[in-house]
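Enquirer: Contents of input_8.txt (compact mmCIF, C-alpha atoms) are given next:
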# COMPACT_ATOMS: atom_id res chain seq x y z
CA MET A 15 8.38 12.26 5.63
CA ALA A 16 6.86 9.56 7.82
CA GLU A 17 4.94 12.29 9.63
CA LEU A 18 3.32 13.50 6.39
CA THR A 19 2.41 9.94 5.48
CA THR A 20 0.80 9.55 8.90
CA LEU A 21 -1.23 12.72 8.34
CA ALA A 22 -2.25 11.58 4.85
CA ARG A 23 -3.33 8.05 5.85
CA PRO A 24 -6.87 8.86 7.14
CA TYR A 25 -7.60 10.94 4.05
CA ALA A 26 -6.38 8.15 1.76
CA ARG A 27 -8.56 5.63 3.60
CA ALA A 28 -11.58 7.92 3.38
CA ALA A 29 -10.99 8.44 -0.33
CA PHE A 30 -10.59 4.69 -0.85
CA GLU A 31 -13.77 3.88 1.08
CA SER A 32 -15.74 6.45 -0.91
CA ALA A 33 -14.33 5.20 -4.21
CA TYR A 34 -15.00 1.58 -3.25
CA ALA A 35 -18.58 2.36 -2.19
CA ASP A 36 -19.24 4.02 -5.55
CA SER A 37 -17.30 1.36 -7.55
CA GLN A 38 -14.99 4.09 -8.85
CA LEU A 39 -11.54 2.96 -7.75
CA ASN A 40 -9.94 3.58 -11.15
CA GLU A 41 -11.57 7.00 -11.55
CA TRP A 42 -10.40 8.11 -8.11
CA ALA A 43 -6.91 6.73 -8.71
CA HIS A 44 -6.68 8.68 -11.97
CA ALA A 45 -8.04 11.89 -10.46
CA LEU A 46 -5.79 11.66 -7.40
CA ALA A 47 -2.76 11.11 -9.64
CA ILE A 48 -3.63 14.29 -11.53
CA ALA A 49 -4.30 16.21 -8.32
CA ALA A 50 -0.99 15.02 -6.84
CA ALA A 51 0.91 16.07 -9.97
CA VAL A 52 -0.78 19.47 -10.00
CA SER A 53 -0.12 20.04 -6.29
CA SER A 54 3.57 19.27 -6.83
CA GLU A 55 4.02 22.08 -9.35
CA PRO A 56 6.01 24.99 -7.85
CA LYS A 57 3.49 27.70 -8.80
CA VAL A 58 0.61 25.68 -7.40
CA LYS A 59 2.56 25.01 -4.20
CA GLN A 60 3.06 28.76 -3.90
CA LEU A 61 -0.66 29.37 -4.44
CA LEU A 62 -1.66 26.75 -1.86
CA ALA A 63 0.73 28.25 0.70
CA ALA A 64 -0.57 31.82 0.18
CA PRO A 65 -1.74 33.07 3.57
CA GLY A 66 -4.10 35.65 2.07
CA LEU A 67 -6.40 33.08 0.45
CA THR A 68 -9.23 31.31 2.22
CA ALA A 69 -9.65 27.55 2.08
CA ALA A 70 -12.57 27.97 -0.31
CA GLN A 71 -10.50 30.15 -2.63
CA LYS A 72 -7.63 27.66 -2.59
CA SER A 73 -9.86 24.67 -3.35
CA ALA A 74 -11.68 26.61 -6.10
CA ALA A 75 -8.38 27.67 -7.68
CA PHE A 76 -7.06 24.13 -7.43
CA ALA A 77 -10.22 22.72 -9.04
CA ASP A 78 -9.92 25.29 -11.83
CA VAL A 79 -6.35 24.20 -12.56
CA CYS A 80 -7.39 20.54 -12.67
CA GLY A 81 -10.34 21.33 -14.91
CA SER A 82 -12.78 18.60 -15.83
CA GLU A 83 -10.46 15.86 -14.55
CA LEU A 84 -12.04 16.07 -11.08
CA SER A 85 -15.57 14.88 -10.40
CA ASP A 86 -17.80 16.73 -7.94
CA LYS A 87 -17.00 14.18 -5.21
CA ILE A 88 -13.28 14.64 -5.70
CA LYS A 89 -13.68 18.43 -5.73
CA ASN A 90 -15.51 18.05 -2.42
CA PHE A 91 -12.60 15.93 -1.15
CA VAL A 92 -10.16 18.67 -2.23
CA SER A 93 -12.35 21.20 -0.42
CA VAL A 94 -12.16 19.15 2.79
CA LEU A 95 -8.38 18.99 2.41
CA ALA A 96 -8.27 22.77 1.94
CA ASP A 97 -10.48 23.35 5.00
CA ASN A 98 -8.07 21.27 7.08
CA LYS A 99 -4.96 22.85 5.52
CA ARG A 100 -3.94 19.50 4.03
CA LEU A 101 -3.75 20.19 0.28
CA ALA A 102 0.02 19.70 0.39
CA LEU A 103 -0.61 16.07 1.37
CA LEU A 104 -2.11 15.17 -2.03
CA PRO A 105 1.03 13.36 -3.31
CA PHE A 106 1.12 11.24 -0.14
CA ILE A 107 -2.62 10.61 -0.29
CA GLU A 108 -2.32 9.49 -3.91
CA THR A 109 0.50 7.05 -3.05
CA LEU A 110 -1.39 5.59 -0.08
CA PHE A 111 -4.58 5.34 -2.14
CA ALA A 112 -2.69 3.45 -4.87
CA ASP A 113 -1.30 1.08 -2.22
CA LEU A 114 -4.80 0.44 -0.81
CA LYS A 115 -6.15 -0.14 -4.31
CA ALA A 116 -3.35 -2.57 -5.17
CA GLN A 117 -3.85 -4.41 -1.90
CA PHE A 118 -7.58 -4.69 -2.55
CA GLU A 119 -7.05 -5.87 -6.12
CA LYS A 120 -4.33 -8.27 -4.97
CA ALA A 121 -1.88 -6.59 -7.32
CA ILE A 122 1.75 -5.63 -6.92
CA ASN A 123 4.29 -3.72 -8.97
CA ILE A 124 7.73 -5.29 -9.09
CA ASN A 125 10.81 -3.47 -10.33
CA VAL A 126 13.72 -5.57 -11.57
CA THR A 127 16.96 -3.67 -12.07
CA THR A 128 19.65 -5.50 -14.01
CA ALA A 129 23.01 -4.73 -15.57
CA PHE A 130 21.76 -5.91 -18.96
CA GLU A 131 18.42 -5.97 -20.72
CA ILE A 132 16.14 -8.87 -19.83
CA SER A 133 14.47 -10.72 -22.71
CA ALA A 134 10.68 -10.68 -23.01
CA GLU A 135 10.65 -14.43 -22.37
CA SER A 136 12.60 -14.02 -19.12
CA GLN A 137 10.28 -11.21 -18.04
CA ALA A 138 7.26 -13.42 -18.69
CA GLN A 139 8.84 -16.22 -16.62
CA LEU A 140 9.49 -13.77 -13.77
CA VAL A 141 5.87 -12.58 -13.86
CA ILE A 142 4.62 -16.18 -13.69
CA ALA A 143 7.01 -17.05 -10.83
CA PHE A 144 6.14 -13.94 -8.80
CA THR A 145 2.42 -14.41 -9.43
CA LYS A 146 2.61 -17.94 -8.00
CA LYS A 147 4.90 -16.99 -5.12
CA LEU A 148 3.05 -13.84 -4.03
CA ASP A 149 -0.49 -14.89 -5.01
CA ARG A 150 -0.98 -11.48 -6.62
CA VAL A 151 -1.39 -9.98 -10.05
CA VAL A 152 2.12 -8.86 -10.94
CA THR A 153 3.13 -5.90 -13.05
CA LEU A 154 6.82 -6.08 -13.90
CA GLU A 155 8.95 -3.07 -14.68
CA SER A 156 12.49 -3.59 -15.86
CA THR A 157 15.28 -1.04 -15.63
CA ILE A 158 18.94 -1.20 -16.55
CA ASP A 159 21.79 -0.05 -14.29
CA GLU A 160 25.16 -1.01 -15.74
CA SER A 161 26.89 -0.25 -12.42
CA LEU A 162 25.41 -3.48 -11.00
CA ILE A 163 28.00 -5.43 -13.06
CA GLY A 164 25.73 -8.49 -13.10
CA GLY A 165 22.79 -10.05 -11.28
CA ALA A 166 19.66 -8.13 -10.33
CA ILE A 167 17.95 -6.07 -7.67
CA ILE A 168 14.26 -6.85 -7.19
CA ARG A 169 11.91 -4.42 -5.45
CA ALA A 170 8.40 -5.56 -4.55
CA GLY A 171 6.71 -3.13 -2.20
CA ASP A 172 8.86 -2.90 0.94
CA THR A 173 10.85 -6.01 0.03
CA VAL A 174 14.22 -5.58 -1.69
CA ILE A 175 16.30 -8.53 -2.85
CA ASP A 176 19.81 -7.54 -3.87
CA GLY A 177 21.36 -10.30 -5.95
CA SER A 178 23.65 -7.97 -7.87
CA VAL A 179 27.39 -8.46 -8.18
CA ARG A 180 27.86 -4.92 -6.84
CA GLY A 181 25.78 -5.81 -3.77
CA ARG A 182 27.68 -9.04 -3.19
CA LEU A 183 31.02 -7.23 -3.48
CA ALA A 184 29.84 -4.63 -0.95
CA LYS A 185 28.82 -7.39 1.48
CA MET A 186 32.15 -9.13 1.01
CA THR A 187 34.02 -5.83 1.60
CA ASP A 188 32.04 -5.22 4.80
CA ALA A 189 32.76 -8.76 6.00
CA MET A 190 36.48 -8.37 5.34
CA ASN A 191 36.65 -4.99 7.09
CA SER A 192 34.93 -6.18 10.27
Represent the structure contained in this file as structure tokens.

Expert:
Amino acid sequence: MAELTTLARPYARAAFESAYADSQLNEWAHALAIAAAVSSEPKVKQLLAAPGLTAAQKSAAFADVCGSELSDKIKNFVSVLADNKRLALLPFIETLFADLKAQFEKAININVTTAFEISAESQAQLVIAFTKKLDRVVTLESTIDESLIGGAIIRAGDTVIDGSVRGRLAKMTDAMNS
């Protein structure tokens, strides 16, 4: 998977630079999300892998499936991907584009997984604390996983903080077994 991300990176950067130059970051993010979702559909994957179709036919068919959701610039981008046999990279390009956009906007999505539901007040306090600590605009998503027993697991980008009871028990078990 790292290889596909490596292949997708220059395309994501090019898309970001074009979107930034045109002040259309949100439009590109939306269109790339749609394109990534469409390219992940099994029938579309089959169409894009068809050896009998030319790159122009593949990009035209893809643009038809997406309909009016893609601007002319994004259709051109899809055409370039088709010419280079890189349409399958759209989900990776979309993810990398979203990362570049968040980095530019100084924003970060944080996922907090807990054993029990967190109150709205506690969520607001977490957002304030993370905003100060990370100097970013924080979007908090909360999920519940009862198998954690207690505590929380916090995921912010590549950083994972495991303060769950399950995680602590696993560490203690490892320590005792070594």

Enquirer: Which polymer residues have any atom within 12 Å of an atom of region 54-69 of chain A, counting all atoms listed in the file, with same-chain residues fewer than 4 positions away left out, as a ChimeraX atom specification?

Expert: /A:47-50,73-80,92-106,108

Enquirer: Between CA of Thr145 (chain A) and CA of Thr173 (chain A), what is the distance in Å, rounded to a tenth?

Expert: 15.2 Å

Enquirer: Find the residues around Asp172 (chain A) up to 12 Å (only C-alpha atoms counted), leave out those fewer than 2 positions away in its own chain, and share them as a PyMOL selection string.

Expert: chain A and resi 113+122-125+168-170+174-175

Enquirer: Can you tell me, as lines of an AutoDock Vina configuration file, the centre and edge lengths (Å, one decimal) of the axis-aligned box enclosing all of region 98-105 of chain A's listed atoms after padding each side by 6 Å?

Expert:
center_x = -3.5
center_y = 18.1
center_z = 1.9
size_x = 21.1
size_y = 21.5
size_z = 22.4

Enquirer: Using all atoms listed in the file, which residues sit within 10 Å of Arg27 (chain A) once same-chain residues fewer than 4 positions away are excluded, as a list in words?

Expert: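 Listed by chain and then number, they are Ala22, Arg23, Glu31, Ser32, Ala33, Ile107, Leu110, Phe111 and Leu114 of chain A.
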
Enquirer: For region 156-160 of chain A, list every protein, DNA or RNA residue within 8 Å, evaluated using all atoms listed in the file, and leave out those in the same chain fewer than 6 positions away; present the list as a ChimeraX atom specification.

Expert: /A:125-132

Enquirer: Pick the closest to Gln38 (chain A) from A:Lys146, A:Arg182, A:Lys87, A:Lys120: which is it, counting all atoms listed in the file?

Expert: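 Result for the nearest residue to Gln38 (chain A): A:Lys87.
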
Enquirer: Could you pull the residues within 9 Å of Ala138 (chain A), counting only C-alpha atoms, minus those fewer than 5 positions along the same chain, as a list in words?

Expert: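 Here the answer would be Ser133, Ala143 and Leu154 of chain A.
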
Enquirer: Taking all atoms listed in the file into account, name the residue in A:Ala43, A:Ser85, A:Thr187, A:Ser37 that is nearest to Thr109 (chain A).

Expert: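 Of A:Ala43, A:Ser85, A:Thr187, A:Ser37, the one nearest Thr109 (chain A), counting all atoms listed in the file, is A:Ala43.
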
Enquirer: Between A:Val141, A:Ile163, A:Ala112, A:Ala29, which has the minimum distance to Leu183 (chain A) (counting only C-alpha atoms)?

Expert: A:Ile163

Enquirer: Report, in Å to a single decimal, how far apart CA of Leu39 (chain A) and CA of Tyr25 (chain A) are.

Expert: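 That distance, rounded to one decimal, is 14.8 Å.
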
Enquirer: Would you work out the distance separating CA of Leu140 (chain A) from CA of Val152 (chain A), expressed in Å to one decimal?

Expert: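 Separation of CA of Leu140 (chain A) and CA of Val152 (chain A): 9.3 Å.
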
Enquirer: Looking at A:Glu119, A:Glu41, A:Asp188, A:Asp176, which one is nearest to Leu84 (chain A), with distances taken over only C-alpha atoms?

Expert: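 Smallest distance to Leu84 (chain A) is found for A:Glu41.
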